[in-house]
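Peer 1: My questions will all concern the structure given below.
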Amino acid sequence: METFPDGSIYLGAEADISIHNLTLENNQYSKSQIWLENGPPGELNSIQVGWAVHPRVYGDSATRLTIYWTGDGYKKTGCYNTDCPGFIIMTPKPSIGSIFNQSSVYGDTPVNFTLQVFQDGFSGCWTLRVDDEIIGYWPKELFTHLNKGASQVRLGGNTFISPDGISPPMGNGYFPLEDYQRSSSFFHVKLTNDKYQIMEATKIIRNADSKCFRLMDRPYTEENGKSFSFGGPGGSCGV
């Protein structure tokens, strides 16, 4: 899911994200995350937060709290977690890169965690909150475009296809169903506008680009807020 490209500026995004275990090959990854971005492709500023299964980065297929940033379209700046100077840690728990203690079981109540990223109105830094803890921040000096806010917010999953053309699973590894207990989902999706007003994310559009995965937009409810479900088994996706 992503925001309409209508010139709006966003100063934050948040959601409750269901956690799932997946098994991947070393040359694959699967993520469920929020992107906040601004700038043209060659100068793209991007902050990415969520969970990832990434054997090449971590050496295993555990589901971990994962962040990433770039200030120049992935050319010379940016990295995962704290692998390079950039993200400043304020609270060590939950630690960046740590394995989640619990994950969702297919057919049972989803296990979620809450992510919020927002631009501080005084310092201009981008702050990361996980559940009720402020974990740290990205200094505004890292960016040339995001220091003016995010022109696009994206939410959902993405995968890296191995050289043999096989995509790993996304979400919980199944296509989404009406039943939340059998789906990978984002709940209570909210955006912060340029006046620092937190809004339900009603003006977001569907964007699914593979036959291996599906996206199910869901109507707003008091219980789940704005929500959507997504995912799929992967395989030979023809992309």
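Chain identifiers are assigned as A, B, and so on, following the order in which chains appear in the structure tokens; residues are numbered from 1 within each chain, and ligands are numbered from 1 in order of appearance.
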As a VMD selection string, list the residues of range 22-226 of chain A assigned to strand (DSSP E or B) by DSSP on the backbone atoms of this structure.
Peer 2: chain A and resid 29 to 38 45 to 53 64 to 70 79 to 80 88 to 89 99 112 to 119 126 to 130 133 to 138 150 152 to 160 166 to 167 170 184 to 193 198 to 200 204 to 205 214 to 221 225 to 226
Peer 1: I'd like the contact shell of Ile89 in chain A - 8 Å cut-off, only C-alpha atoms, skipping same-chain residues fewer than 4 positions apart - returned as a VMD selection string.
Peer 2: chain A and resid 135 to 137
Peer 1: Can I get the selected residues back with C-alpha atoms, as a PDB file, in the first residue's frame?
Peer 2:
```
ATOM      1  CA  ILE A 135      14.464   3.420  20.453  1.00  0.00           C
ATOM      2  CA  GLY A 136      16.453   6.168  18.738  1.00  0.00           C
ATOM      3  CA  TYR A 137      16.559   8.559  15.808  1.00  0.00           C
TER       4      TYR A 137
END
```
Peer 1: Quick one: everything within 8 Å of range 108-116 of chain A, counting only C-alpha atoms, minus sequence neighbours fewer than 6 positions away in the same chain. Send it as a PyMOL selection string.
Peer 2: chain A and resi 12-19+49-50+102+128-131+180-182
Peer 1: May I have the residues from that selection written out with C-alpha atoms, as a CSV table (one decimal), in the first residue's frame?
Peer 2:
```csv
chain,number,residue,atom,x,y,z
A,12,GLY,CA,5.1,10.3,10.4
A,13,ALA,CA,3.5,6.9,10.0
A,14,GLU,CA,2.5,4.1,12.4
A,15,ALA,CA,0.9,0.7,12.4
A,16,ASP,CA,0.5,-2.5,14.3
A,17,ILE,CA,2.3,-5.3,12.3
A,18,SER,CA,1.7,-9.0,12.7
A,19,ILE,CA,4.9,-11.0,13.2
A,49,VAL,CA,11.4,0.0,9.6
A,50,GLY,CA,9.8,-3.3,10.4
A,102,GLN,CA,6.8,-14.4,19.9
A,128,LEU,CA,11.6,5.5,16.0
A,129,ARG,CA,9.2,4.2,18.6
A,130,VAL,CA,8.7,0.5,19.0
A,131,ASP,CA,5.7,-0.4,21.2
A,180,TYR,CA,-7.2,-12.2,10.3
A,181,GLN,CA,-6.0,-15.3,12.1
A,182,ARG,CA,-4.9,-16.8,8.8
```
Peer 1: Quick one: everything within 12 Å of Pro139 in chain A, counting only C-alpha atoms, minus sequence neighbours fewer than 5 positions away in the same chain. Send it as a PyMOL selection string.
Peer 2: chain A and resi 47+69+71+85-89+119-120+122-128+144+146-147
Peer 1: Measuring atom to atom with only C-alpha atoms, identify which of A:Gly42, A:Gly59, A:Pro168, A:Gly225 is nearest to Tyr74 in chain A.
Peer 2: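 Using only C-alpha atoms, the shortest distance to Tyr74 in chain A belongs to A:Gly42.
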Peer 1: If DSSP is run on the backbone, what residues of range 59-195 of chain A are helix (DSSP H, G or I)? A reply as a PDB file with N, CA and C atoms, in the first residue's frame would be ideal.
Peer 2:
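Now in states.pdb:
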```pdb
ATOM      1  N   LYS A 140      18.748  14.642  11.148  1.00  0.00           N
ATOM      2  CA  LYS A 140      18.299  15.247   9.896  1.00  0.00           C
ATOM      3  C   LYS A 140      19.452  15.466   8.923  1.00  0.00           C
ATOM      4  N   GLU A 141      20.682  15.549   9.447  1.00  0.00           N
ATOM      5  CA  GLU A 141      21.838  15.788   8.587  1.00  0.00           C
ATOM      6  C   GLU A 141      22.133  14.626   7.647  1.00  0.00           C
ATOM      7  N   LEU A 142      21.523  13.469   7.901  1.00  0.00           N
ATOM      8  CA  LEU A 142      21.714  12.319   7.012  1.00  0.00           C
ATOM      9  C   LEU A 142      21.010  12.517   5.679  1.00  0.00           C
ATOM     10  N   LEU A 146      14.388  14.163   2.995  1.00  0.00           N
ATOM     11  CA  LEU A 146      13.522  13.794   4.118  1.00  0.00           C
ATOM     12  C   LEU A 146      13.542  14.832   5.229  1.00  0.00           C
ATOM     13  N   ASN A 147      14.546  15.702   5.261  1.00  0.00           N
ATOM     14  CA  ASN A 147      14.511  16.743   6.279  1.00  0.00           C
ATOM     15  C   ASN A 147      13.376  17.730   6.037  1.00  0.00           C
ATOM     16  N   LYS A 148      12.730  17.623   4.875  1.00  0.00           N
ATOM     17  CA  LYS A 148      11.547  18.431   4.560  1.00  0.00           C
ATOM     18  C   LYS A 148      10.255  17.622   4.700  1.00  0.00           C
ATOM     19  N   TYR A 180      -8.467 -12.768   9.853  1.00  0.00           N
ATOM     20  CA  TYR A 180      -7.184 -12.185  10.261  1.00  0.00           C
ATOM     21  C   TYR A 180      -6.243 -13.230  10.857  1.00  0.00           C
ATOM     22  N   GLN A 181      -6.802 -14.271  11.460  1.00  0.00           N
ATOM     23  CA  GLN A 181      -5.967 -15.280  12.099  1.00  0.00           C
ATOM     24  C   GLN A 181      -5.204 -16.130  11.090  1.00  0.00           C
ATOM     25  N   ARG A 182      -5.545 -16.012   9.834  1.00  0.00           N
ATOM     26  CA  ARG A 182      -4.857 -16.759   8.780  1.00  0.00           C
ATOM     27  C   ARG A 182      -4.220 -15.816   7.746  1.00  0.00           C
TER      28      ARG A 182
END
```
Peer 1: For each of A:Ser95, A:Ser227, A:Thr221, A:Ser61, take the minimum atom-to-atom distance to Glu25 in chain A, counting only C-alpha atoms, then give the residue where this is smallest.
Peer 2: A:Ser61
Peer 1: For Glu200 in chain A, find every residue with an atom within 9 Å (counting only C-alpha atoms), except residues of its own chain fewer than 2 positions away, and show them as a list in words.
Peer 2: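 In the requested format, the answer is His188, Val189, Lys190, Leu191, Thr192, Ile198, Thr202, Lys203, Tyr220, Gly225 and Lys226 of chain A.
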Peer 1: Those selected residues, please, written with N, CA and C atoms and delivered as a tab-separated table (two decimals), in the first residue's frame.
Peer 2:
```
chain	number	residue	atom	x	y	z
A	188	HIS	N	-4.46	-0.56	12.34
A	188	HIS	CA	-4.38	0.80	12.87
A	188	HIS	C	-3.32	1.62	12.13
A	189	VAL	N	-3.40	1.61	10.81
A	189	VAL	CA	-2.45	2.37	10.00
A	189	VAL	C	-2.82	3.85	10.06
A	190	LYS	N	-1.86	4.66	10.48
A	190	LYS	CA	-2.08	6.10	10.61
A	190	LYS	C	-0.92	6.88	10.01
A	191	LEU	N	-1.22	8.07	9.54
A	191	LEU	CA	-0.23	8.97	8.98
A	191	LEU	C	-0.28	10.29	9.73
A	192	THR	N	0.87	10.95	9.81
A	192	THR	CA	0.94	12.30	10.39
A	192	THR	C	1.13	13.29	9.27
A	198	ILE	N	-2.43	13.51	13.40
A	198	ILE	CA	-2.41	12.07	13.13
A	198	ILE	C	-3.76	11.66	12.57
A	202	THR	N	-6.65	6.70	5.19
A	202	THR	CA	-7.72	6.32	4.28
A	202	THR	C	-7.34	6.55	2.82
A	203	LYS	N	-6.44	7.48	2.55
A	203	LYS	CA	-6.06	7.80	1.17
A	203	LYS	C	-4.77	7.07	0.78
A	220	TYR	N	-12.34	0.32	7.28
A	220	TYR	CA	-12.06	0.77	8.64
A	220	TYR	C	-13.06	0.18	9.62
A	225	GLY	N	-9.05	-0.39	13.17
A	225	GLY	CA	-8.68	0.83	12.47
A	225	GLY	C	-8.61	0.58	10.98
A	226	LYS	N	-7.79	1.39	10.29
A	226	LYS	CA	-7.50	1.11	8.89
A	226	LYS	C	-6.53	-0.06	8.84
```
Peer 1: Can you work out the spacing between CA of Gln197 in chain A and CA of Leu11 in chain A in Å, to one decimal?
Peer 2: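 CA of Gln197 in chain A sits 9.1 Å away from CA of Leu11 in chain A.
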Peer 1: Can you pull out every residue within 8 Å of range 173-177 of chain A, counting only C-alpha atoms, but drop anything in the same chain fewer than 5 positions away, and send it as an mmCIF file with N, CA, C and O atoms, in the first residue's frame?
Peer 2:
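selection20.cif written:
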```cif
data_model
loop_
_atom_site.group_PDB
_atom_site.id
_atom_site.type_symbol
_atom_site.label_atom_id
_atom_site.label_comp_id
_atom_site.auth_asym_id
_atom_site.auth_seq_id
_atom_site.Cartn_x
_atom_site.Cartn_y
_atom_site.Cartn_z
ATOM 1 N N LEU A 22 9.418 -17.340 8.868
ATOM 2 C CA LEU A 22 9.588 -17.867 7.524
ATOM 3 C C LEU A 22 10.942 -18.559 7.429
ATOM 4 O O LEU A 22 11.857 -18.237 8.186
ATOM 5 N N ARG A 182 -5.545 -16.012 9.834
ATOM 6 C CA ARG A 182 -4.857 -16.759 8.780
ATOM 7 C C ARG A 182 -4.220 -15.816 7.746
ATOM 8 O O ARG A 182 -3.998 -16.196 6.610
ATOM 9 N N SER A 183 -3.918 -14.592 8.191
ATOM 10 C CA SER A 183 -3.382 -13.580 7.277
ATOM 11 C C SER A 183 -2.270 -12.802 7.953
ATOM 12 O O SER A 183 -2.210 -12.689 9.179
ATOM 13 N N SER A 184 -1.384 -12.254 7.133
ATOM 14 C CA SER A 184 -0.390 -11.287 7.587
ATOM 15 C C SER A 184 -0.975 -9.898 7.383
ATOM 16 O O SER A 184 -1.438 -9.578 6.286
ATOM 17 N N PHE A 213 1.902 -13.040 -4.902
ATOM 18 C CA PHE A 213 1.424 -12.395 -3.688
ATOM 19 C C PHE A 213 0.102 -11.677 -3.955
ATOM 20 O O PHE A 213 -0.172 -11.268 -5.079
ATOM 21 N N ARG A 214 -0.667 -11.505 -2.900
ATOM 22 C CA ARG A 214 -1.941 -10.805 -3.013
ATOM 23 C C ARG A 214 -2.063 -9.775 -1.904
ATOM 24 O O ARG A 214 -1.420 -9.888 -0.855
ATOM 25 N N LEU A 215 -2.909 -8.798 -2.163
ATOM 26 C CA LEU A 215 -3.149 -7.713 -1.224
ATOM 27 C C LEU A 215 -4.644 -7.562 -1.024
ATOM 28 O O LEU A 215 -5.398 -7.506 -1.993
ATOM 29 N N MET A 216 -5.076 -7.521 0.233
ATOM 30 C CA MET A 216 -6.494 -7.374 0.562
ATOM 31 C C MET A 216 -6.687 -6.114 1.391
ATOM 32 O O MET A 216 -6.268 -6.059 2.559
ATOM 33 N N SER A 229 -4.343 -6.746 4.589
ATOM 34 C CA SER A 229 -3.618 -8.006 4.697
ATOM 35 C C SER A 229 -2.928 -8.299 3.380
ATOM 36 O O SER A 229 -3.365 -7.852 2.315
ATOM 37 N N PHE A 230 -1.855 -9.056 3.439
ATOM 38 C CA PHE A 230 -1.040 -9.285 2.243
ATOM 39 C C PHE A 230 -0.190 -10.537 2.439
ATOM 40 O O PHE A 230 -0.078 -11.072 3.546
ATOM 41 N N GLY A 231 0.423 -10.976 1.358
ATOM 42 C CA GLY A 231 1.375 -12.069 1.451
ATOM 43 C C GLY A 231 1.154 -13.125 0.384
ATOM 44 O O GLY A 231 0.301 -12.988 -0.505
ATOM 45 N N GLY A 232 1.940 -14.180 0.492
ATOM 46 C CA GLY A 232 1.842 -15.273 -0.461
ATOM 47 C C GLY A 232 3.015 -16.207 -0.348
ATOM 48 O O GLY A 232 3.996 -15.938 0.371
ATOM 49 N N PRO A 233 2.956 -17.328 -1.074
ATOM 50 C CA PRO A 233 3.956 -18.381 -0.915
ATOM 51 C C PRO A 233 5.267 -18.144 -1.655
ATOM 52 O O PRO A 233 6.244 -18.887 -1.449
ATOM 53 N N GLY A 234 5.308 -17.145 -2.547
ATOM 54 C CA GLY A 234 6.496 -16.983 -3.368
ATOM 55 C C GLY A 234 6.537 -18.015 -4.486
ATOM 56 O O GLY A 234 5.516 -18.562 -4.895
#
```
Peer 1: Using only C-alpha atoms, which of A:Gly78, A:Gly235, A:Gly121, A:Gly97 sits nearest Thr63 in chain A?
Peer 2: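 For Thr63 in chain A, the nearest of the given residues is A:Gly97.
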Peer 1: List the spatial neighbours of Ser236 in chain A as a list of chain:residue names - criterion: any atom at most 8 Å away, only C-alpha atoms, same-chain residues fewer than 6 positions off excluded.
Peer 2: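 Non-adjacent residues within range: A:Gly165, A:Ile166, A:Ser167, A:Cys212.
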Peer 1: Next, the residues of the selection above should be written as a tab-separated table (two decimals), in the first residue's frame with C-alpha atoms.
Peer 2:
```tsv
chain	number	residue	atom	x	y	z
A	165	GLY	CA	14.24	-16.57	-10.22
A	166	ILE	CA	12.54	-18.01	-7.15
A	167	SER	CA	10.96	-15.57	-4.72
A	212	CYS	CA	2.96	-14.84	-6.17
```
Peer 1: What is the distance between CA of Leu65 in chain A and CA of Lys211 in chain A, in Å to one decimal?
Peer 2: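 Between CA of Leu65 in chain A and CA of Lys211 in chain A the gap is 27.3 Å.
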Peer 1: Tell me which of A:Gln28, A:Ser46, A:Thr70, A:Asn172 sits closest to Ser185 in chain A, counting only C-alpha atoms.
Peer 2: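 Result for the nearest residue to Ser185 in chain A: A:Asn172.
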Peer 1: Which residue out of A:Tyr29, A:Trp35, A:Tyr106, A:Tyr10 has the minimum interatomic distance to Arg154 in chain A when only C-alpha atoms are used?
Peer 2: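 The answer is A:Trp35, which sits nearest to Arg154 in chain A.
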Peer 1: So how many Å separate CA of Ser32 in chain A and CA of Gly157 in chain A, to one decimal?
Peer 2: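 Between CA of Ser32 in chain A and CA of Gly157 in chain A the gap works out to 4.2 Å.
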